[in-house]
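Text of my_file_12.txt (compact mmCIF, C-alpha atoms) as supplied:
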```txt
# COMPACT_ATOMS: atom_id res chain seq x y z
CA MET A 1380 20.89 19.06 36.24
CA ALA A 1381 24.67 18.70 35.89
CA GLY A 1382 25.38 22.38 35.46
CA GLU A 1383 24.03 25.80 34.63
CA VAL A 1384 22.53 26.46 31.19
CA SER A 1385 22.35 29.64 29.15
CA GLY A 1386 18.95 31.23 28.80
CA ASP A 1387 17.55 29.29 31.75
CA MET A 1388 13.78 29.66 31.81
CA PHE A 1389 13.87 29.17 35.61
CA ALA A 1390 15.90 32.37 36.09
CA LYS A 1391 12.78 34.49 36.40
CA CYS A 1392 11.61 32.26 39.24
CA ARG A 1393 14.80 32.83 41.21
CA ASP A 1394 14.70 36.56 40.47
CA TRP A 1395 11.09 37.02 41.66
CA ARG A 1396 11.37 38.43 45.19
CA LEU A 1397 7.93 39.74 46.10
CA MET A 1398 6.86 36.69 48.09
CA ASP A 1399 10.14 36.42 50.00
CA GLU A 1400 10.11 40.13 50.80
CA ALA A 1401 6.50 40.08 51.97
CA VAL A 1402 7.14 37.02 54.14
CA ALA A 1403 10.22 38.70 55.66
CA MET A 1404 8.12 41.77 56.52
CA GLY A 1405 5.41 39.58 58.02
CA VAL A 1406 2.73 40.87 55.63
CA TYR A 1407 2.33 38.00 53.14
CA PRO A 1408 -1.47 37.52 52.98
CA TYR A 1409 -1.89 34.56 50.60
CA TYR A 1410 -2.29 30.79 50.84
CA ARG A 1411 -3.44 30.97 54.44
CA PRO A 1412 -4.87 27.61 55.60
CA ILE A 1413 -8.50 28.10 56.60
CA GLU A 1414 -10.73 25.90 58.68
CA MET A 1415 -14.03 26.85 57.18
CA PRO A 1416 -17.44 25.88 58.50
CA ALA A 1417 -19.06 25.75 55.06
CA GLY A 1418 -21.17 28.80 54.30
CA ALA A 1419 -20.51 30.46 57.64
CA GLY A 1420 -19.77 34.10 58.32
CA GLU A 1421 -16.72 33.15 60.39
CA VAL A 1422 -13.68 30.93 59.81
CA VAL A 1423 -10.70 29.74 61.83
CA VAL A 1424 -7.25 30.95 60.73
CA GLY A 1425 -4.18 30.03 62.74
CA GLY A 1426 -6.35 28.80 65.59
CA ARG A 1427 -8.30 32.09 65.81
CA ARG A 1428 -11.93 32.57 64.87
CA VAL A 1429 -12.31 35.59 62.56
CA VAL A 1430 -15.02 37.20 60.43
CA MET A 1431 -14.80 36.01 56.82
CA ALA A 1432 -15.08 39.16 54.71
CA GLY A 1433 -13.35 37.72 51.65
CA SER A 1434 -15.61 34.89 50.47
CA SER A 1435 -17.40 34.81 47.12
CA ASP A 1436 -19.99 32.39 48.53
CA TYR A 1437 -22.37 35.33 48.48
CA LEU A 1438 -25.60 33.47 49.28
CA ALA A 1439 -23.94 31.13 51.80
CA LEU A 1440 -25.10 28.11 49.81
CA SER A 1441 -21.94 26.01 50.16
CA GLY A 1442 -23.01 24.96 53.65
CA ASP A 1443 -26.77 24.90 53.15
CA ALA A 1444 -28.16 21.58 54.37
CA ARG A 1445 -30.19 21.06 51.19
CA VAL A 1446 -27.18 21.64 48.93
CA ARG A 1447 -24.98 19.32 50.97
CA ALA A 1448 -27.67 16.63 51.03
CA ALA A 1449 -27.99 16.79 47.23
CA ALA A 1450 -24.22 16.42 46.84
CA VAL A 1451 -24.03 13.48 49.25
CA ALA A 1452 -26.93 11.71 47.52
CA ALA A 1453 -25.20 12.12 44.14
CA ILE A 1454 -21.97 10.64 45.51
CA GLU A 1455 -23.79 7.69 47.00
CA ARG A 1456 -25.59 7.01 43.72
CA LEU A 1457 -22.93 7.91 41.15
CA GLY A 1458 -19.54 8.10 42.89
CA VAL A 1459 -17.07 10.96 43.13
CA GLY A 1460 -16.04 11.24 39.46
CA THR A 1461 -17.19 10.52 35.93
CA GLY A 1462 -14.13 8.81 34.44
CA GLY A 1463 -14.19 10.77 31.20
CA SER A 1464 -14.90 13.93 29.25
CA ARG A 1465 -18.35 15.14 28.31
CA LEU A 1466 -17.78 14.09 24.68
CA THR A 1467 -16.95 10.47 25.40
CA ASN A 1468 -18.24 8.75 28.52
CA GLY A 1469 -18.49 11.62 31.02
CA THR A 1470 -21.96 13.05 30.36
CA LEU A 1471 -24.52 12.37 33.08
CA ALA A 1472 -28.24 12.89 33.12
CA LEU A 1473 -27.48 15.36 35.94
CA HIS A 1474 -25.41 17.46 33.53
CA GLU A 1475 -28.23 17.60 31.02
CA GLU A 1476 -30.80 18.43 33.69
CA LEU A 1477 -28.59 21.26 34.95
CA GLU A 1478 -28.06 22.57 31.42
CA GLY A 1479 -31.80 22.70 30.82
CA ARG A 1480 -32.44 24.47 34.11
CA LEU A 1481 -29.68 27.05 33.51
CA ALA A 1482 -30.81 27.81 29.96
CA ARG A 1483 -34.39 28.40 31.09
CA PHE A 1484 -33.27 30.45 34.09
CA LEU A 1485 -31.14 32.77 31.94
CA GLY A 1486 -33.54 32.91 28.99
CA HIS A 1487 -31.32 31.15 26.47
CA GLU A 1488 -31.91 28.21 24.15
CA ALA A 1489 -29.14 25.98 25.42
CA ALA A 1490 -26.28 25.60 27.92
CA MET A 1491 -23.04 23.65 28.18
CA VAL A 1492 -21.84 22.67 31.66
CA VAL A 1493 -18.09 22.47 32.26
CA THR A 1494 -15.89 21.76 35.26
CA THR A 1495 -14.83 25.29 36.35
CA GLY A 1496 -15.73 28.90 35.71
CA PHE A 1497 -12.26 29.54 34.26
CA GLN A 1498 -12.86 26.67 31.86
CA ALA A 1499 -16.19 28.17 30.77
CA ASN A 1500 -14.46 31.40 29.78
CA LEU A 1501 -11.56 29.61 28.12
CA ALA A 1502 -14.00 27.54 26.05
CA LEU A 1503 -15.05 30.76 24.29
CA SER A 1504 -11.75 30.60 22.38
CA ALA A 1505 -13.38 28.12 19.98
CA LEU A 1506 -15.60 30.96 18.73
CA PHE A 1507 -12.65 33.23 17.89
CA GLY A 1508 -10.33 33.19 14.90
CA PRO A 1509 -7.66 35.39 13.29
CA ALA A 1510 -10.28 37.32 11.30
CA ASP A 1511 -12.30 38.18 14.43
CA GLU A 1512 -12.10 41.06 16.90
CA VAL A 1513 -12.77 40.85 20.62
CA LEU A 1514 -13.37 44.18 22.37
CA ALA A 1515 -12.88 43.57 26.08
CA ASP A 1516 -13.34 45.83 29.07
CA GLY A 1517 -9.99 46.61 30.67
CA HIS A 1518 -11.01 44.92 33.93
CA VAL A 1519 -12.28 41.57 32.61
CA HIS A 1520 -11.03 38.35 34.20
CA ALA A 1521 -7.73 36.87 33.04
CA SER A 1522 -9.50 33.77 31.72
CA LEU A 1523 -11.40 35.90 29.18
CA ILE A 1524 -8.16 37.46 27.95
CA ASP A 1525 -6.62 34.00 27.67
CA ALA A 1526 -9.62 32.90 25.58
CA ALA A 1527 -9.16 35.74 23.10
CA ARG A 1528 -5.45 35.06 22.80
CA GLN A 1529 -5.87 31.30 22.46
CA GLY A 1530 -8.47 31.86 19.75
CA ARG A 1531 -6.01 34.17 17.95
CA ALA A 1532 -8.60 36.93 17.65
CA ARG A 1533 -7.51 40.54 17.50
CA LEU A 1534 -7.88 41.65 21.13
CA ARG A 1535 -8.72 45.30 21.71
CA ARG A 1536 -9.12 46.56 25.27
CA PHE A 1537 -11.32 49.54 26.12
CA ARG A 1538 -10.81 51.50 29.32
CA HIS A 1539 -12.94 50.21 32.17
CA ASN A 1540 -16.60 51.18 31.65
CA ASP A 1541 -15.49 53.90 29.21
CA LEU A 1542 -18.13 53.76 26.49
CA GLY A 1543 -16.58 56.64 24.59
CA HIS A 1544 -13.41 54.58 24.18
CA LEU A 1545 -15.43 51.51 23.19
CA ALA A 1546 -17.32 53.56 20.59
CA ARG A 1547 -14.07 54.79 19.03
CA LEU A 1548 -12.70 51.25 18.84
CA LEU A 1549 -15.89 50.02 17.20
CA GLU A 1550 -15.82 52.87 14.68
CA ARG A 1551 -12.20 52.14 13.75
CA GLY A 1552 -12.67 48.38 13.54
CA GLN A 1553 -13.41 46.27 10.50
CA ALA A 1554 -17.16 46.29 10.01
CA ASP A 1555 -17.03 43.02 8.04
CA ALA A 1556 -15.09 41.16 10.77
CA GLY A 1557 -16.73 38.89 13.32
CA ARG A 1558 -16.83 41.17 16.36
CA LEU A 1559 -17.82 40.62 19.98
CA VAL A 1560 -17.90 42.90 23.02
CA LEU A 1561 -16.78 41.14 26.18
CA SER A 1562 -17.53 42.34 29.71
CA GLU A 1563 -18.27 41.14 33.18
CA GLY A 1564 -21.68 41.90 34.62
CA LEU A 1565 -20.33 42.53 38.12
CA PHE A 1566 -16.58 43.17 38.14
CA SER A 1567 -14.91 40.81 40.56
CA ALA A 1568 -12.16 43.10 41.89
CA THR A 1569 -13.81 46.50 42.11
CA GLY A 1570 -17.45 45.52 42.73
CA ASP A 1571 -18.95 47.87 40.15
CA VAL A 1572 -21.46 46.86 37.48
CA CYS A 1573 -20.85 47.25 33.76
CA ASP A 1574 -22.68 50.02 31.90
CA LEU A 1575 -24.79 47.46 30.11
CA PRO A 1576 -27.38 49.89 28.68
CA GLY A 1577 -24.59 51.83 26.97
CA ILE A 1578 -22.83 48.69 25.77
CA VAL A 1579 -26.05 47.30 24.32
CA LYS A 1580 -26.72 50.51 22.38
CA LEU A 1581 -23.23 50.42 20.87
CA ALA A 1582 -23.44 46.69 20.11
CA GLU A 1583 -26.75 47.17 18.29
CA ARG A 1584 -25.52 50.24 16.40
CA HIS A 1585 -22.41 48.46 15.16
CA ARG A 1586 -24.07 45.04 14.76
CA VAL A 1587 -21.66 43.17 17.02
CA ARG A 1588 -22.25 40.28 19.42
CA LEU A 1589 -22.23 40.62 23.21
CA CYS A 1590 -20.89 38.15 25.79
CA LEU A 1591 -21.29 38.75 29.51
CA ASP A 1592 -19.42 36.91 32.26
CA ILE A 1593 -21.89 36.74 35.16
CA ALA A 1594 -19.70 34.73 37.55
CA HIS A 1595 -20.16 37.24 40.38
CA ASP A 1596 -23.66 38.59 39.72
CA VAL A 1597 -25.71 35.44 39.10
CA GLY A 1598 -27.84 34.73 42.14
CA VAL A 1599 -27.23 38.19 43.61
CA LEU A 1600 -28.23 40.95 41.17
CA GLY A 1601 -31.60 41.38 39.53
CA ALA A 1602 -35.06 40.72 40.93
CA GLY A 1603 -34.76 37.01 40.17
CA GLY A 1604 -31.01 36.68 40.69
CA ARG A 1605 -30.25 36.48 36.96
CA GLY A 1606 -27.50 39.08 37.11
CA ALA A 1607 -26.73 42.54 35.77
CA ALA A 1608 -28.74 42.09 32.57
CA GLU A 1609 -31.88 41.42 34.61
CA ARG A 1610 -31.14 44.44 36.80
CA PHE A 1611 -31.21 46.60 33.66
CA GLY A 1612 -34.04 44.72 31.93
CA LEU A 1613 -31.71 43.71 29.08
CA GLN A 1614 -31.57 39.93 29.24
CA SER A 1615 -32.63 39.51 25.61
CA ALA A 1616 -29.74 41.72 24.44
CA VAL A 1617 -27.00 39.35 25.70
CA ASP A 1618 -25.97 36.73 23.13
CA VAL A 1619 -23.85 34.54 25.40
CA TYR A 1620 -23.37 34.21 29.15
CA THR A 1621 -20.52 32.53 30.95
CA VAL A 1622 -21.35 31.37 34.47
CA ALA A 1623 -19.35 30.13 37.46
CA PHE A 1624 -20.97 27.94 40.11
CA SER A 1625 -18.36 28.83 42.75
CA LYS A 1626 -19.83 32.19 43.76
CA GLY A 1627 -23.58 32.68 44.00
CA LEU A 1628 -24.20 28.95 43.67
CA GLY A 1629 -21.65 28.12 46.36
CA GLY A 1630 -20.06 25.10 44.69
CA LEU A 1631 -17.81 24.19 41.76
CA GLY A 1632 -18.33 24.29 38.02
CA GLY A 1633 -19.23 26.56 35.17
CA ALA A 1634 -21.37 26.89 32.07
CA ILE A 1635 -21.87 28.77 28.83
CA THR A 1636 -25.40 29.61 27.72
CA GLY A 1637 -26.61 30.99 24.40
CA PRO A 1638 -28.22 30.10 21.06
CA GLU A 1639 -28.44 26.37 20.41
CA PRO A 1640 -26.18 26.43 17.29
CA VAL A 1641 -23.46 28.22 19.28
CA ILE A 1642 -23.64 25.75 22.16
CA ASN A 1643 -23.65 22.76 19.80
CA TYR A 1644 -20.57 24.15 18.05
CA LEU A 1645 -18.78 24.61 21.37
CA ARG A 1646 -19.67 21.05 22.41
CA HIS A 1647 -17.58 19.82 19.49
CA HIS A 1648 -14.84 22.46 19.21
CA ALA A 1649 -14.08 23.88 22.68
CA ARG A 1650 -10.80 22.20 23.61
CA ALA A 1651 -11.06 23.35 27.25
CA MET A 1652 -14.16 21.18 27.56
CA LEU A 1653 -13.39 18.36 25.11
CA PHE A 1654 -10.17 17.35 26.80
CA SER A 1655 -11.17 17.74 30.45
CA THR A 1656 -12.92 15.30 32.74
CA SER A 1657 -16.50 16.38 33.28
CA LEU A 1658 -18.04 17.99 36.34
CA PRO A 1659 -18.32 15.48 39.24
CA PRO A 1660 -21.82 14.28 40.15
CA ALA A 1661 -21.77 15.97 43.56
CA SER A 1662 -21.01 19.37 42.03
CA ALA A 1663 -23.73 19.06 39.40
CA ALA A 1664 -26.31 18.04 42.03
CA ALA A 1665 -25.19 20.86 44.34
CA ALA A 1666 -25.56 23.41 41.55
CA LEU A 1667 -29.08 22.19 40.80
CA ALA A 1668 -30.04 22.50 44.46
CA GLY A 1669 -28.44 25.93 44.71
CA LEU A 1670 -30.28 27.16 41.64
CA GLY A 1671 -33.56 26.09 43.19
CA ILE A 1672 -32.78 28.05 46.34
CA ILE A 1673 -31.87 31.15 44.32
CA GLU A 1674 -35.27 31.01 42.65
CA ALA A 1675 -37.21 30.29 45.86
CA GLU A 1676 -35.46 32.53 48.41
CA PRO A 1677 -34.93 36.11 47.14
CA GLU A 1678 -34.54 37.27 50.75
CA ARG A 1679 -30.96 35.95 50.69
CA ARG A 1680 -29.83 38.45 48.07
CA ARG A 1681 -31.85 41.22 49.68
CA ARG A 1682 -30.01 40.59 52.96
CA VAL A 1683 -26.63 40.62 51.20
CA LEU A 1684 -27.31 43.92 49.46
CA ALA A 1685 -28.68 45.57 52.60
CA HIS A 1686 -25.53 44.65 54.55
CA ALA A 1687 -23.33 45.85 51.68
CA ALA A 1688 -25.06 49.22 51.54
CA ARG A 1689 -24.58 49.72 55.27
CA LEU A 1690 -20.94 48.61 55.25
CA SER A 1691 -20.04 50.87 52.32
CA THR A 1692 -21.74 53.90 53.86
CA GLU A 1693 -20.12 53.47 57.27
CA LEU A 1694 -16.65 52.78 55.84
CA ALA A 1695 -16.90 56.06 53.94
CA ALA A 1696 -17.92 57.77 57.19
CA LEU A 1697 -14.62 56.57 58.68
CA GLY A 1698 -12.85 58.75 56.14
CA LEU A 1699 -11.90 56.05 53.65
CA ALA A 1700 -11.84 57.73 50.25
CA GLY A 1701 -13.14 55.99 47.14
CA VAL A 1702 -14.94 53.15 48.93
CA GLY A 1703 -17.57 51.59 46.79
CA PRO A 1704 -19.86 50.93 45.26
CA GLY A 1705 -22.20 49.58 47.98
CA ASP A 1706 -24.95 48.25 45.70
CA THR A 1707 -23.25 44.89 45.12
CA PRO A 1708 -21.75 42.31 47.52
CA ILE A 1709 -18.20 43.44 46.66
CA ILE A 1710 -16.76 46.56 48.30
CA ALA A 1711 -13.38 47.88 47.21
CA VAL A 1712 -11.21 49.95 49.54
CA PRO A 1713 -8.50 51.70 47.46
CA VAL A 1714 -4.97 51.52 48.88
CA GLY A 1715 -2.56 52.08 45.97
CA ASP A 1716 0.79 50.60 46.94
CA ALA A 1717 1.00 46.79 46.86
CA VAL A 1718 3.12 46.39 49.99
CA ARG A 1719 0.92 48.78 51.94
CA CYS A 1720 -2.11 46.82 50.78
CA MET A 1721 -0.65 43.52 52.00
CA ARG A 1722 0.28 45.12 55.32
CA LEU A 1723 -3.26 46.48 55.76
CA CYS A 1724 -4.73 43.06 54.96
CA SER A 1725 -2.50 41.42 57.58
CA THR A 1726 -3.36 44.08 60.17
CA LEU A 1727 -7.07 43.59 59.58
CA LEU A 1728 -6.60 39.87 60.17
CA ASP A 1729 -4.86 40.68 63.45
CA GLU A 1730 -8.03 42.63 64.32
CA GLY A 1731 -10.17 39.59 63.55
CA VAL A 1732 -11.32 40.19 59.96
CA PHE A 1733 -10.24 38.16 56.92
CA THR A 1734 -10.08 40.31 53.76
CA LEU A 1735 -8.41 40.04 50.35
CA ALA A 1736 -5.39 42.05 49.20
CA MET A 1737 -5.80 42.65 45.46
CA ILE A 1738 -2.40 43.57 44.00
CA PRO A 1739 -0.96 43.45 40.45
CA PRO A 1740 -1.53 41.59 38.19
CA SER A 1741 -5.06 41.21 39.60
CA VAL A 1742 -5.38 45.01 39.42
CA PRO A 1743 -3.34 47.65 37.53
CA GLU A 1744 -0.03 48.87 38.93
CA GLY A 1745 -0.52 51.47 41.64
CA ARG A 1746 -4.17 50.53 42.20
CA SER A 1747 -3.98 47.83 44.85
CA LEU A 1748 -7.04 47.54 47.00
CA ILE A 1749 -8.63 45.68 49.88
CA ARG A 1750 -11.57 43.65 48.61
CA LEU A 1751 -14.40 43.07 51.05
CA THR A 1752 -17.36 40.81 50.40
CA VAL A 1753 -20.68 40.48 52.18
CA THR A 1754 -22.58 37.19 52.31
CA ALA A 1755 -25.98 35.99 53.45
CA ALA A 1756 -24.27 34.38 56.46
CA HIS A 1757 -23.24 37.74 57.89
CA THR A 1758 -25.15 39.22 60.80
CA ASP A 1759 -25.32 42.80 62.04
CA ASP A 1760 -22.68 41.83 64.59
CA HIS A 1761 -20.33 40.67 61.82
CA ILE A 1762 -20.72 44.01 60.03
CA ASP A 1763 -20.03 45.81 63.32
CA ARG A 1764 -16.83 43.80 63.78
CA ILE A 1765 -15.64 44.62 60.27
CA LEU A 1766 -16.25 48.32 60.90
CA ASP A 1767 -14.50 48.14 64.28
CA ALA A 1768 -11.43 46.57 62.66
CA PHE A 1769 -11.23 49.32 60.04
CA ALA A 1770 -11.71 51.96 62.72
CA VAL A 1771 -8.63 50.60 64.50
CA VAL A 1772 -6.36 50.34 61.46
CA CYS A 1773 -7.45 53.73 60.11
CA GLY A 1774 -7.36 55.52 63.46
```

Let me see whether you can do it: turn the structure in this file into structure tokens.
Amino acid sequence: MAGEVSGDMFAKCRDWRLMDEAVAMGVYPYYRPIEMPAGAGEVVVGGRRVVMAGSSDYLALSGDARVRAAAVAAIERLGVGTGGSRLTNGTLALHEELEGRLARFLGHEAAMVVTTGFQANLALSALFGPADEVLADGHVHASLIDAARQGRARLRRFRHNDLGHLARLLERGQADAGRLVLSEGLFSATGDVCDLPGIVKLAERHRVRLCLDIAHDVGVLGAGGRGAAERFGLQSAVDVYTVAFSKGLGGLGGAITGPEPVINYLRHHARAMLFSTSLPPASAAAALAGLGIIEAEPERRRRVLAHAARLSTELAALGLAGVGPGDTPIIAVPVGDAVRCMRLCSTLLDEGVFTLAMIPPSVPEGRSLIRLTVTAAHTDDHIDRILDAFAVVCG
């Protein structure tokens, strides 16, 4: 560019200092290159082997030999890509097989497979219009908020898991509008589960639809790994699920499941799906293999939840206030200040444990936290090492 311009949209980029300041302090915890033995409880960072306590590969399926073999076989038979969108030339028999399996697994009539979990949530925007209201929990994923905004629905946020606030919003809303309550089953940052029984009662009382994002609970919660709704015995009360394959299924991709007319409508109106290249063959085959393992090996989720309960209890015994919840694979350690959170994350890595620093905008201002995750690849020794690291940094 020959010279400066007025109202330069790049000015905010030059003015943003958080990364530079964190790097200068030696506490910047993001974009670290990882050498990851797929599905393992340990990774290599900067030439050091450390415990991975920040992965969402909860069931350690990304490295499972059966999942990898299914992906390799799909590549050898079908190549690495599809060359088109689902609508045109990008639909494979693998996609349709996976859709059928997912719909049956989650108790819905139909499913639509897309390329990422974010894309699955964004595809919901096709259901929303200016006359509709979306009532979303204050902690839902950014992709769900983007969907409501892109669909031009009236977005109303209720305080996290505050059913009294949700009830007041429903009472004040337009009863003749198309309305939908939007929540996550297992909240990705804080590790707590939505109050689904309460939400269902309110949804039924006010005759509104219910959509649940089960990205983090599918495969892990519920007797059969079907998520929070199965844990509460309320699967039939959920109208639509959005699913990500990158957590409990250990791979890449996403899906929406629900009534067949809804899925057929999305197949022809969801821009996020219509104008994106479809899920690669390897990812579809890996998801199918992972789903089979979820159904056949419940001991994986039992091991995850047992480790999580122990880790949460013993972290609290170290004097860490507010640690929780302990009944899901995600354990949040409240910190508060963003810089302090990044510093703690870096110190834990120095002690041999890789964790996640959750700072705004991922969490509200002043509520930064260290996010720990437990996976089926962890051993008792790994849990011991995580506890030892926290004992050092908190001592």

Within 10 Å of Ala1556 (chain A) using all atoms listed in the file, minus same-chain residues under 5 positions, as a CSV table (one decimal) with C-alpha atoms, in the coordinates of the input:
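Final file, part-v9.csv:
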```csv
chain,number,residue,atom,x,y,z
A,1509,PRO,CA,-7.7,35.4,13.3
A,1510,ALA,CA,-10.3,37.3,11.3
A,1511,ASP,CA,-12.3,38.2,14.4
A,1512,GLU,CA,-12.1,41.1,16.9
A,1587,VAL,CA,-21.7,43.2,17.0
```

For this session: Work out how far CA of Leu1440 (chain A) is from CA of Val1622 (chain A), in Å to one decimal.
Result: 16.1 Å

Problem set entry | Option closest in space to Gly1577 (chain A), from A:Ala1532, A:Ala1616, A:Ala1695, A:Leu1690 [counting all atoms listed in the file] |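 Closest to Gly1577 (chain A), using all atoms listed in the file: A:Ala1616.
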
Residue contacts of Met1652 (chain A) (12 Å, all atoms listed in the file) excluding same-chain residues fewer than 2 positions away, as a PDB file with C-alpha atoms, keeping the file's coordinate frame:
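Final file, selection03.pdb:
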```
ATOM      1  CA  GLY A1463     -14.190  10.770  31.200  1.00  0.00           C
ATOM      2  CA  SER A1464     -14.900  13.930  29.250  1.00  0.00           C
ATOM      3  CA  ARG A1465     -18.350  15.140  28.310  1.00  0.00           C
ATOM      4  CA  LEU A1466     -17.780  14.090  24.680  1.00  0.00           C
ATOM      5  CA  THR A1467     -16.950  10.470  25.400  1.00  0.00           C
ATOM      6  CA  GLY A1469     -18.490  11.620  31.020  1.00  0.00           C
ATOM      7  CA  THR A1470     -21.960  13.050  30.360  1.00  0.00           C
ATOM      8  CA  MET A1491     -23.040  23.650  28.180  1.00  0.00           C
ATOM      9  CA  VAL A1492     -21.840  22.670  31.660  1.00  0.00           C
ATOM     10  CA  VAL A1493     -18.090  22.470  32.260  1.00  0.00           C
ATOM     11  CA  THR A1494     -15.890  21.760  35.260  1.00  0.00           C
ATOM     12  CA  THR A1495     -14.830  25.290  36.350  1.00  0.00           C
ATOM     13  CA  GLY A1496     -15.730  28.900  35.710  1.00  0.00           C
ATOM     14  CA  PHE A1497     -12.260  29.540  34.260  1.00  0.00           C
ATOM     15  CA  GLN A1498     -12.860  26.670  31.860  1.00  0.00           C
ATOM     16  CA  ALA A1499     -16.190  28.170  30.770  1.00  0.00           C
ATOM     17  CA  ASN A1500     -14.460  31.400  29.780  1.00  0.00           C
ATOM     18  CA  LEU A1501     -11.560  29.610  28.120  1.00  0.00           C
ATOM     19  CA  ALA A1502     -14.000  27.540  26.050  1.00  0.00           C
ATOM     20  CA  LEU A1503     -15.050  30.760  24.290  1.00  0.00           C
ATOM     21  CA  SER A1504     -11.750  30.600  22.380  1.00  0.00           C
ATOM     22  CA  ALA A1505     -13.380  28.120  19.980  1.00  0.00           C
ATOM     23  CA  GLY A1632     -18.330  24.290  38.020  1.00  0.00           C
ATOM     24  CA  GLY A1633     -19.230  26.560  35.170  1.00  0.00           C
ATOM     25  CA  ALA A1634     -21.370  26.890  32.070  1.00  0.00           C
ATOM     26  CA  ILE A1635     -21.870  28.770  28.830  1.00  0.00           C
ATOM     27  CA  ILE A1642     -23.640  25.750  22.160  1.00  0.00           C
ATOM     28  CA  TYR A1644     -20.570  24.150  18.050  1.00  0.00           C
ATOM     29  CA  LEU A1645     -18.780  24.610  21.370  1.00  0.00           C
ATOM     30  CA  ARG A1646     -19.670  21.050  22.410  1.00  0.00           C
ATOM     31  CA  HIS A1647     -17.580  19.820  19.490  1.00  0.00           C
ATOM     32  CA  HIS A1648     -14.840  22.460  19.210  1.00  0.00           C
ATOM     33  CA  ALA A1649     -14.080  23.880  22.680  1.00  0.00           C
ATOM     34  CA  ARG A1650     -10.800  22.200  23.610  1.00  0.00           C
ATOM     35  CA  PHE A1654     -10.170  17.350  26.800  1.00  0.00           C
ATOM     36  CA  SER A1655     -11.170  17.740  30.450  1.00  0.00           C
ATOM     37  CA  THR A1656     -12.920  15.300  32.740  1.00  0.00           C
ATOM     38  CA  SER A1657     -16.500  16.380  33.280  1.00  0.00           C
ATOM     39  CA  LEU A1658     -18.040  17.990  36.340  1.00  0.00           C
TER      40      LEU A1658
END
```

Once you add 5 Å to each side, what are the centre and edge lengths of the axis-aligned box holding all listed atoms of region 1646-1659 of chain A? One decimal in Å, as AutoDock Vina command-line options, if you can.
```
--center_x -14.9 --center_y 19.6 --center_z 29.2 --size_x 19.5 --size_y 18.6 --size_z 30.0
```

Can I get the residues of region 1510-1606 of chain A within 10 Å of region 1707-1715 of chain A, each with the closest pair of atoms and their distance in Å to one decimal, using all atoms listed in the file, sorted chain first then ascending number, as a Markdown table?
```
| residue | atom | partner | partner_atom | distance |
| --- | --- | --- | --- | --- |
| A:Leu1565 | CA | A:Thr1707 | CA | 7.9 |
| A:Phe1566 | CA | A:Ile1709 | CA | 8.7 |
| A:Ser1567 | CA | A:Ile1709 | CA | 7.4 |
| A:Ala1568 | CA | A:Ala1711 | CA | 7.3 |
| A:Thr1569 | CA | A:Ala1711 | CA | 5.3 |
| A:Gly1570 | CA | A:Ile1709 | CA | 4.5 |
| A:Asp1571 | CA | A:Thr1707 | CA | 7.2 |
| A:Val1572 | CA | A:Thr1707 | CA | 8.1 |
| A:His1595 | CA | A:Pro1708 | CA | 8.9 |
| A:Asp1596 | CA | A:Thr1707 | CA | 8.3 |
| A:Val1599 | CA | A:Pro1708 | CA | 7.9 |
| A:Leu1600 | CA | A:Thr1707 | CA | 7.5 |
```

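Minimum distance to Glu1488 (chain A) across A:Glu1678, A:Asp1760, A:Asp1716, A:Glu1639 (counting all atoms listed in the file) occurs at A:Glu1639.
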
For this session: Name all residues at most 8 Å from Tyr1437 (chain A) (count all atoms listed in the file; drop same-chain ones fewer than 3 positions away) and give them as a PyMOL selection string.
Result: chain A and resi 1434+1440+1599+1626-1627+1629+1683+1708+1752-1755

For this session: Have a look at CA of Gly1630 (chain A) and CA of Ser1662 (chain A) and let me know their distance in Å, one decimal.
Result: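 About the pair CA of Gly1630 (chain A) and CA of Ser1662 (chain A): they are 6.4 Å apart.
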
Please, which residues in region 1481-1544 of chain A fall within 12 Å of region 1734-1747 of chain A when counting only C-alpha atoms, and what is the closest atom pair and distance in Å to one decimal for each, ordered by chain then residue number, as JSON lines?
```
{"residue": "A:Gly1517", "atom": "CA", "partner": "A:Pro1743", "partner_atom": "CA", "distance": 9.6}
{"residue": "A:His1518", "atom": "CA", "partner": "A:Val1742", "partner_atom": "CA", "distance": 7.9}
{"residue": "A:Val1519", "atom": "CA", "partner": "A:Ser1741", "partner_atom": "CA", "distance": 10.1}
{"residue": "A:His1520", "atom": "CA", "partner": "A:Ser1741", "partner_atom": "CA", "distance": 8.5}
{"residue": "A:Ala1521", "atom": "CA", "partner": "A:Ser1741", "partner_atom": "CA", "distance": 8.3}
{"residue": "A:Ser1522", "atom": "CA", "partner": "A:Ser1741", "partner_atom": "CA", "distance": 11.7}
{"residue": "A:Arg1538", "atom": "CA", "partner": "A:Pro1743", "partner_atom": "CA", "distance": 11.7}
{"residue": "A:His1539", "atom": "CA", "partner": "A:Pro1743", "partner_atom": "CA", "distance": 11.3}
```
